[in-house]
>>> print(open('run-v3.cif').read())   # mmCIF, C-alpha atoms and all ligand atoms
data_start
#
loop_
_atom_site.label_atom_id
_atom_site.label_comp_id
_atom_site.auth_asym_id
_atom_site.auth_seq_id
_atom_site.Cartn_x
_atom_site.Cartn_y
_atom_site.Cartn_z
CA MET A 327 -44.06 88.50 -16.01
CA LYS A 328 -40.78 86.75 -16.81
CA SER A 329 -40.27 84.81 -20.05
CA ILE A 330 -37.76 82.17 -21.07
CA ILE A 331 -36.92 80.72 -24.46
CA VAL A 332 -36.26 76.98 -24.24
CA TYR A 333 -34.83 75.49 -27.41
CA TYR A 334 -33.62 72.28 -28.92
CA SER A 335 -31.75 72.17 -32.21
CA ASN A 336 -29.95 69.30 -33.88
CA THR A 337 -28.55 70.99 -36.99
CA HIS A 338 -28.60 74.60 -35.71
CA ASN A 339 -31.53 76.06 -37.70
CA ASN A 340 -33.70 76.43 -34.61
CA GLU A 341 -30.70 77.57 -32.58
CA LEU A 342 -30.32 80.51 -34.97
CA LEU A 343 -34.01 81.29 -34.55
CA ALA A 344 -33.80 81.00 -30.74
CA TYR A 345 -30.85 83.45 -30.63
CA ASP A 346 -32.74 85.88 -32.87
CA LEU A 347 -35.83 85.74 -30.64
CA GLN A 348 -33.71 86.12 -27.52
CA LYS A 349 -32.14 89.28 -28.94
CA ARG A 350 -35.53 90.75 -29.77
CA LEU A 351 -37.25 89.79 -26.51
CA SER A 352 -34.24 90.22 -24.19
CA CYS A 353 -35.36 87.26 -22.13
CA ASP A 354 -33.54 84.26 -20.70
CA LEU A 355 -32.48 81.35 -22.87
CA LEU A 356 -32.14 77.66 -22.06
CA LYS A 357 -30.73 75.04 -24.43
CA ILE A 358 -32.06 71.49 -24.19
CA GLU A 359 -29.11 69.10 -24.32
CA GLU A 360 -29.22 65.35 -24.61
CA THR A 361 -26.96 62.91 -22.79
CA GLY A 362 -26.61 60.75 -25.91
CA LYS A 363 -25.53 61.39 -29.47
CA ARG A 364 -28.27 62.35 -31.92
CA THR A 365 -28.23 60.68 -35.34
CA GLY A 366 -30.70 60.03 -38.15
CA LEU A 367 -31.15 56.53 -36.74
CA THR A 368 -31.99 57.73 -33.22
CA ILE A 369 -34.55 60.17 -34.70
CA LEU A 370 -36.19 57.22 -36.45
CA LEU A 371 -36.07 54.98 -33.36
CA ASP A 372 -37.54 57.71 -31.12
CA LEU A 373 -40.40 58.12 -33.59
CA LEU A 374 -41.02 54.39 -34.04
CA PHE A 375 -40.99 53.51 -30.34
CA ASN A 376 -42.20 56.83 -28.96
CA ARG A 377 -38.97 57.00 -26.96
CA LYS A 378 -38.25 59.71 -24.42
CA PRO A 379 -34.56 60.62 -24.83
CA LYS A 380 -32.55 61.44 -21.69
CA LEU A 381 -31.58 65.07 -21.16
CA LYS A 382 -28.64 66.64 -19.35
CA ASP A 383 -29.64 68.36 -16.12
CA HIS A 384 -30.18 72.09 -16.37
CA ARG A 385 -29.68 74.51 -13.50
CA VAL A 386 -32.52 76.90 -14.18
CA SER A 387 -35.34 77.45 -11.66
CA LEU A 388 -38.29 77.16 -14.01
CA GLU A 389 -40.83 78.12 -11.35
CA SER A 390 -39.69 81.74 -11.67
CA TYR A 391 -41.03 82.00 -15.26
CA SER A 392 -44.60 82.77 -16.17
CA ASP A 393 -44.18 82.39 -19.95
CA PHE A 394 -42.33 79.78 -21.97
CA ILE A 395 -41.34 80.06 -25.62
CA PHE A 396 -40.36 76.70 -27.08
CA VAL A 397 -38.26 76.50 -30.23
CA ALA A 398 -37.50 73.16 -31.88
CA PRO A 399 -37.56 71.23 -35.15
CA ILE A 400 -40.45 69.08 -36.29
CA TRP A 401 -39.74 65.45 -37.13
CA ALA A 402 -42.39 63.41 -38.95
CA SER A 403 -45.06 65.98 -38.04
CA LYS A 404 -44.19 65.72 -34.34
CA ILE A 405 -42.23 68.01 -32.06
CA ALA A 406 -38.60 66.82 -31.85
CA SER A 407 -38.34 64.11 -29.17
CA PRO A 408 -35.83 65.99 -26.91
CA LEU A 409 -38.36 68.83 -26.54
CA ARG A 410 -41.06 66.24 -25.79
CA SER A 411 -38.82 64.86 -22.99
CA PHE A 412 -38.36 68.36 -21.61
CA LEU A 413 -42.10 69.05 -21.60
CA LEU A 414 -42.86 65.73 -19.90
CA ASN A 415 -40.17 66.36 -17.26
CA GLU A 416 -41.15 69.95 -16.52
CA LYS A 417 -44.85 70.19 -17.24
CA GLN A 418 -45.74 71.20 -13.70
CA HIS A 419 -43.92 74.52 -14.25
CA ILE A 420 -45.36 75.33 -17.67
CA LYS A 421 -48.52 77.39 -17.42
CA SER A 422 -48.44 79.74 -20.41
CA TYR A 423 -46.48 78.79 -23.52
CA SER A 424 -45.96 79.26 -27.25
CA PHE A 425 -44.12 77.17 -29.82
CA ILE A 426 -42.25 78.23 -32.93
CA SER A 427 -40.32 76.06 -35.37
CA LEU A 428 -38.10 76.45 -38.39
CA CYS A 429 -39.29 73.29 -40.11
CA GLY A 430 -39.55 71.84 -43.60
CA GLY A 431 -43.20 72.76 -43.95
CA ILE A 432 -46.24 70.52 -44.48
CA GLU A 433 -49.83 71.68 -45.06
CA GLY A 434 -52.08 71.06 -42.04
CA GLN A 435 -49.17 70.06 -39.78
CA VAL A 436 -49.63 73.01 -37.42
CA ASP A 437 -52.89 71.51 -36.07
CA LYS A 438 -51.15 68.23 -35.25
CA ILE A 439 -48.43 70.12 -33.39
CA ARG A 440 -50.99 72.13 -31.42
CA LYS A 441 -52.78 68.90 -30.50
CA GLU A 442 -49.56 67.15 -29.48
CA LEU A 443 -48.54 70.05 -27.24
CA LYS A 444 -51.97 70.10 -25.62
CA THR A 445 -51.87 66.34 -25.02
CA ILE A 446 -48.53 66.63 -23.22
CA LEU A 447 -49.17 69.84 -21.26
CA GLN A 448 -52.94 69.52 -20.76
CA HIS A 449 -53.65 73.06 -21.90
CA ASP A 450 -53.61 75.00 -25.16
CA PRO A 451 -50.57 76.93 -26.37
CA LYS A 452 -50.93 80.70 -26.74
CA LEU A 453 -49.50 80.52 -30.23
CA VAL A 454 -47.96 77.95 -32.59
CA THR A 455 -45.96 79.31 -35.54
CA GLU A 456 -44.20 77.40 -38.29
CA LEU A 457 -41.55 79.01 -40.50
CA TRP A 458 -41.28 76.86 -43.61
CA ILE A 459 -37.90 76.16 -45.15
CA ASP A 460 -39.90 75.20 -48.23
CA ASP A 461 -40.65 78.91 -48.67
CA LEU A 462 -36.90 79.58 -49.03
CA LEU A 463 -36.36 77.05 -51.81
CA THR A 464 -36.35 77.63 -55.53
CA ALA A 465 -39.29 76.20 -57.50
CA ASP A 466 -37.34 73.12 -58.68
CA LYS A 467 -36.55 72.11 -55.07
CA LYS A 468 -39.90 72.84 -53.40
CA ASN A 469 -41.96 70.13 -51.64
CA THR A 470 -39.02 67.74 -51.55
CA VAL A 471 -38.02 66.33 -48.15
CA LYS A 472 -34.44 65.79 -49.38
CA TYR A 473 -34.03 69.56 -49.83
CA THR A 474 -36.10 70.85 -46.91
CA SER A 475 -34.46 68.58 -44.31
CA SER A 476 -30.89 69.23 -45.50
CA TYR A 477 -31.26 73.01 -45.71
CA ARG A 478 -29.13 75.00 -43.27
CA VAL A 479 -30.74 78.32 -42.48
CA LEU A 480 -28.56 81.45 -42.63
CA PRO A 481 -29.10 84.72 -40.73
CA GLU A 482 -30.23 86.43 -43.98
CA ASP A 483 -32.93 83.75 -44.41
CA LEU A 484 -34.53 84.93 -41.17
CA GLU A 485 -35.14 88.27 -42.91
CA LYS A 486 -37.51 86.46 -45.28
CA PHE A 487 -39.61 85.38 -42.29
CA LYS A 488 -39.55 88.86 -40.79
CA ALA A 489 -43.32 89.45 -40.90
CA LYS A 490 -44.10 86.13 -39.18
CA ILE A 491 -41.31 86.53 -36.61
CA ASP A 492 -42.43 90.11 -35.86
CA GLU A 493 -45.99 88.87 -35.32
CA PHE A 494 -44.75 86.10 -33.01
CA VAL A 495 -42.56 88.50 -31.03
CA SER A 496 -45.29 91.10 -30.60
CA SER A 497 -47.65 88.43 -29.27
CA GLN A 498 -45.07 87.72 -26.53
CA ILE A 499 -44.75 91.31 -25.40
CA VAL A 500 -47.05 91.96 -22.51
CA GLN A 501 -48.71 95.35 -22.71
CA PRO A 502 -48.24 97.29 -19.47
CA HIS A 503 -51.40 97.81 -17.53
CA LEU A 504 -52.44 101.43 -18.04
CA THR A 505 -54.44 103.30 -15.48
CA HIS A 506 -57.65 105.09 -16.40
CA ASP A 507 -55.84 108.46 -16.32
CA GLU A 508 -53.03 107.22 -18.60
CA LEU A 509 -55.57 105.99 -21.14
CA ARG A 510 -57.19 109.42 -21.46
C1 LIG B 1 -35.77 62.95 -39.92
C2 LIG B 1 -36.38 64.28 -40.22
C3 LIG B 1 -37.76 64.39 -40.32
C4 LIG B 1 -38.35 65.63 -40.59
N1 LIG B 1 -39.70 65.71 -40.65
C5 LIG B 1 -40.30 66.91 -40.84
C6 LIG B 1 -41.72 67.02 -40.85
O1 LIG B 1 -42.46 66.07 -40.68
N2 LIG B 1 -42.24 68.25 -41.03
C7 LIG B 1 -41.48 69.37 -41.24
O2 LIG B 1 -42.04 70.45 -41.40
N3 LIG B 1 -40.13 69.30 -41.22
C8 LIG B 1 -39.52 68.09 -41.04
N4 LIG B 1 -38.15 68.00 -41.01
C9 LIG B 1 -37.33 69.21 -41.26
C10 LIG B 1 -36.78 69.81 -39.96
O3 LIG B 1 -37.83 70.21 -39.10
C11 LIG B 1 -35.89 70.99 -40.31
O4 LIG B 1 -34.80 70.54 -41.05
C12 LIG B 1 -35.41 71.79 -39.10
O5 LIG B 1 -35.09 73.10 -39.51
C13 LIG B 1 -34.20 71.19 -38.41
O6 LIG B 1 -33.98 71.95 -37.26
P1 LIG B 1 -32.59 72.04 -36.50
O7 LIG B 1 -31.54 72.45 -37.52
O8 LIG B 1 -32.79 73.06 -35.47
O9 LIG B 1 -32.28 70.68 -35.94
C14 LIG B 1 -37.54 66.77 -40.77
C15 LIG B 1 -36.13 66.65 -40.68
C16 LIG B 1 -35.56 65.44 -40.40
C17 LIG B 1 -34.06 65.34 -40.29
#
>>> encode(input="run-v3.cif", output="structure tokens")
Amino acid sequence: MKSIIVYYSNTHNNELLAYDLQKRLSCDLLKIEETGKRTGLTILLDLLFNRKPKLKDHRVSLESYSDFIFVAPIWASKIASPLRSFLLNEKQHIKSYSFISLCGGIEGQVDKIRKELKTILQHDPKLVTELWIDDLLTADKKNTVKYTSSYRVLPEDLEKFKAKIDEFVSSQIVQPHLTHDELR
């Protein structure tokens, strides 16, 4: 079984998470890069017109991976459009997959994300995990998009998500097949 982390990050929060996961899982890492410049306006236009942004070519043979771990932000309760482009372009190679996001955090959103992934890839993800920036904010700033979407996550913030990240990581580790004798 070979795994790869495929990530997209606009303002580096999910990049930090992807690097952290890569260190823990010692697997390969692929960054999704766009050909165009990403701005607040292009985020809005992609959402409004369901646009599929163009990606730079990557040189990774995806058919050699049996497990995919996708890491990306959530925009308006949808997976960030560059990841959606990647999934649409590569869906024939993606058999088993999980998704994790450092996102603002909205109640009930995780079900929408699971549904969106299934619609694109035609089969259920193994696991979908959201790490909410809202959980890092002080009481006076909680539940406010202005603060969640402008927050830049620091390595020490990842410590606060340790339990959830540990759970995600352990779900990705394939237990070796033990023989009957080894089990005794
Ligand atoms: C335009 C915009 C819309 C967003 N919408 C959501 C949302 O619907 N749900 C959510 O949980 N987070 C939302 N966020 C917060 C991002 O998911 C969060 O800032 C993320 O950590 C950014 O990741 P990045 O730094 O890797 O690009 C939004 C952020 C932006 C800029």
>>> closest_residue(input="run-v3.cif", among="A:Lys472, A:Lys444, A:Lys363, A:Arg377", to="ligand LIG 1 (chain B)", atoms="only C-alpha atoms and all ligand atoms")
A:Lys472
>>> atom_distance(input="run-v3.cif", atom1="CA of Asn336 (chain A)", atom2="atom O6 of ligand LIG 1 (chain B)")
5.9 Å
>>> closest_residue(input="run-v3.cif", among="A:Leu351, A:Cys429, A:Ile331, A:Ile405", to="ligand LIG 1 (chain B)", atoms="all atoms listed in the file")
A:Cys429
>>> atom_distance(input="run-v3.cif", atom1="CA of Asn339 (chain A)", atom2="CA of Leu370 (chain A)")
19.4 Å
>>> atom_distance(input="run-v3.cif", atom1="atom C17 of ligand LIG 1 (chain B)", atom2="CA of Leu409 (chain A)")
14.8 Å
>>> closest_residue(input="run-v3.cif", among="A:Asn415, A:Ser329, A:Gln435, A:Ser335", to="Pro399 (chain A)", atoms="all atoms listed in the file")
A:Ser335
>>> closest_residue(input="run-v3.cif", among="A:Glu359, A:Glu482, A:Glu389, A:Glu456", to="ligand LIG 1 (chain B)", atoms="only C-alpha atoms and all ligand atoms")
A:Glu456
>>> residues_around(input="run-v3.cif", residues="Leu480 (chain A)", least_positions_apart="5", cutoff="10 Å", atoms="all atoms listed in the file", output="ChimeraX atom specification")
/A:338-339,342-343,485
>>> residues_near_ligand(input="run-v3.cif", ligand="ligand LIG 1 (chain B)", cutoff="9 Å", atoms="only C-alpha atoms and all ligand atoms", output="PyMOL selection string")
chain A and resi 333-343+365-367+369-370+397-406+427-433+435-436+456-460+471-479
>>> closest_residue(input="run-v3.cif", among="A:Lys441, A:His419, A:Lys467, A:Lys380", to="Ile330 (chain A)", atoms="only C-alpha atoms")
A:His419
>>> closest_residue(input="run-v3.cif", among="A:Phe412, A:Leu388, A:Phe425, A:Leu371", to="Gln498 (chain A)", atoms="all atoms listed in the file")
A:Phe425
>>> axis_aligned_box(input="run-v3.cif", around="region 446-465 of chain A", padding_each_side="5 Å", output="AutoDock Vina command-line options")
--center_x -45.0 --center_y 73.7 --center_z -39.1 --size_x 27.3 --size_y 24.1 --size_z 46.7
>>> residues_around(input="run-v3.cif", residues="Leu443 (chain A)", least_positions_apart="6", cutoff="12 Å", atoms="all atoms listed in the file", output="CSV table (one decimal) with C-alpha atoms, in the frame of the given file")
chain,number,residue,atom,x,y,z
A,396,PHE,CA,-40.4,76.7,-27.1
A,404,LYS,CA,-44.2,65.7,-34.3
A,405,ILE,CA,-42.2,68.0,-32.1
A,406,ALA,CA,-38.6,66.8,-31.8
A,407,SER,CA,-38.3,64.1,-29.2
A,409,LEU,CA,-38.4,68.8,-26.5
A,410,ARG,CA,-41.1,66.2,-25.8
A,411,SER,CA,-38.8,64.9,-23.0
A,412,PHE,CA,-38.4,68.4,-21.6
A,413,LEU,CA,-42.1,69.0,-21.6
A,414,LEU,CA,-42.9,65.7,-19.9
A,417,LYS,CA,-44.8,70.2,-17.2
A,420,ILE,CA,-45.4,75.3,-17.7
A,422,SER,CA,-48.4,79.7,-20.4
A,423,TYR,CA,-46.5,78.8,-23.5
A,424,SER,CA,-46.0,79.3,-27.2
A,425,PHE,CA,-44.1,77.2,-29.8
A,426,ILE,CA,-42.2,78.2,-32.9
A,436,VAL,CA,-49.6,73.0,-37.4
A,437,ASP,CA,-52.9,71.5,-36.1
A,449,HIS,CA,-53.6,73.1,-21.9
A,450,ASP,CA,-53.6,75.0,-25.2
A,451,PRO,CA,-50.6,76.9,-26.4
A,452,LYS,CA,-50.9,80.7,-26.7
A,453,LEU,CA,-49.5,80.5,-30.2
A,454,VAL,CA,-48.0,78.0,-32.6
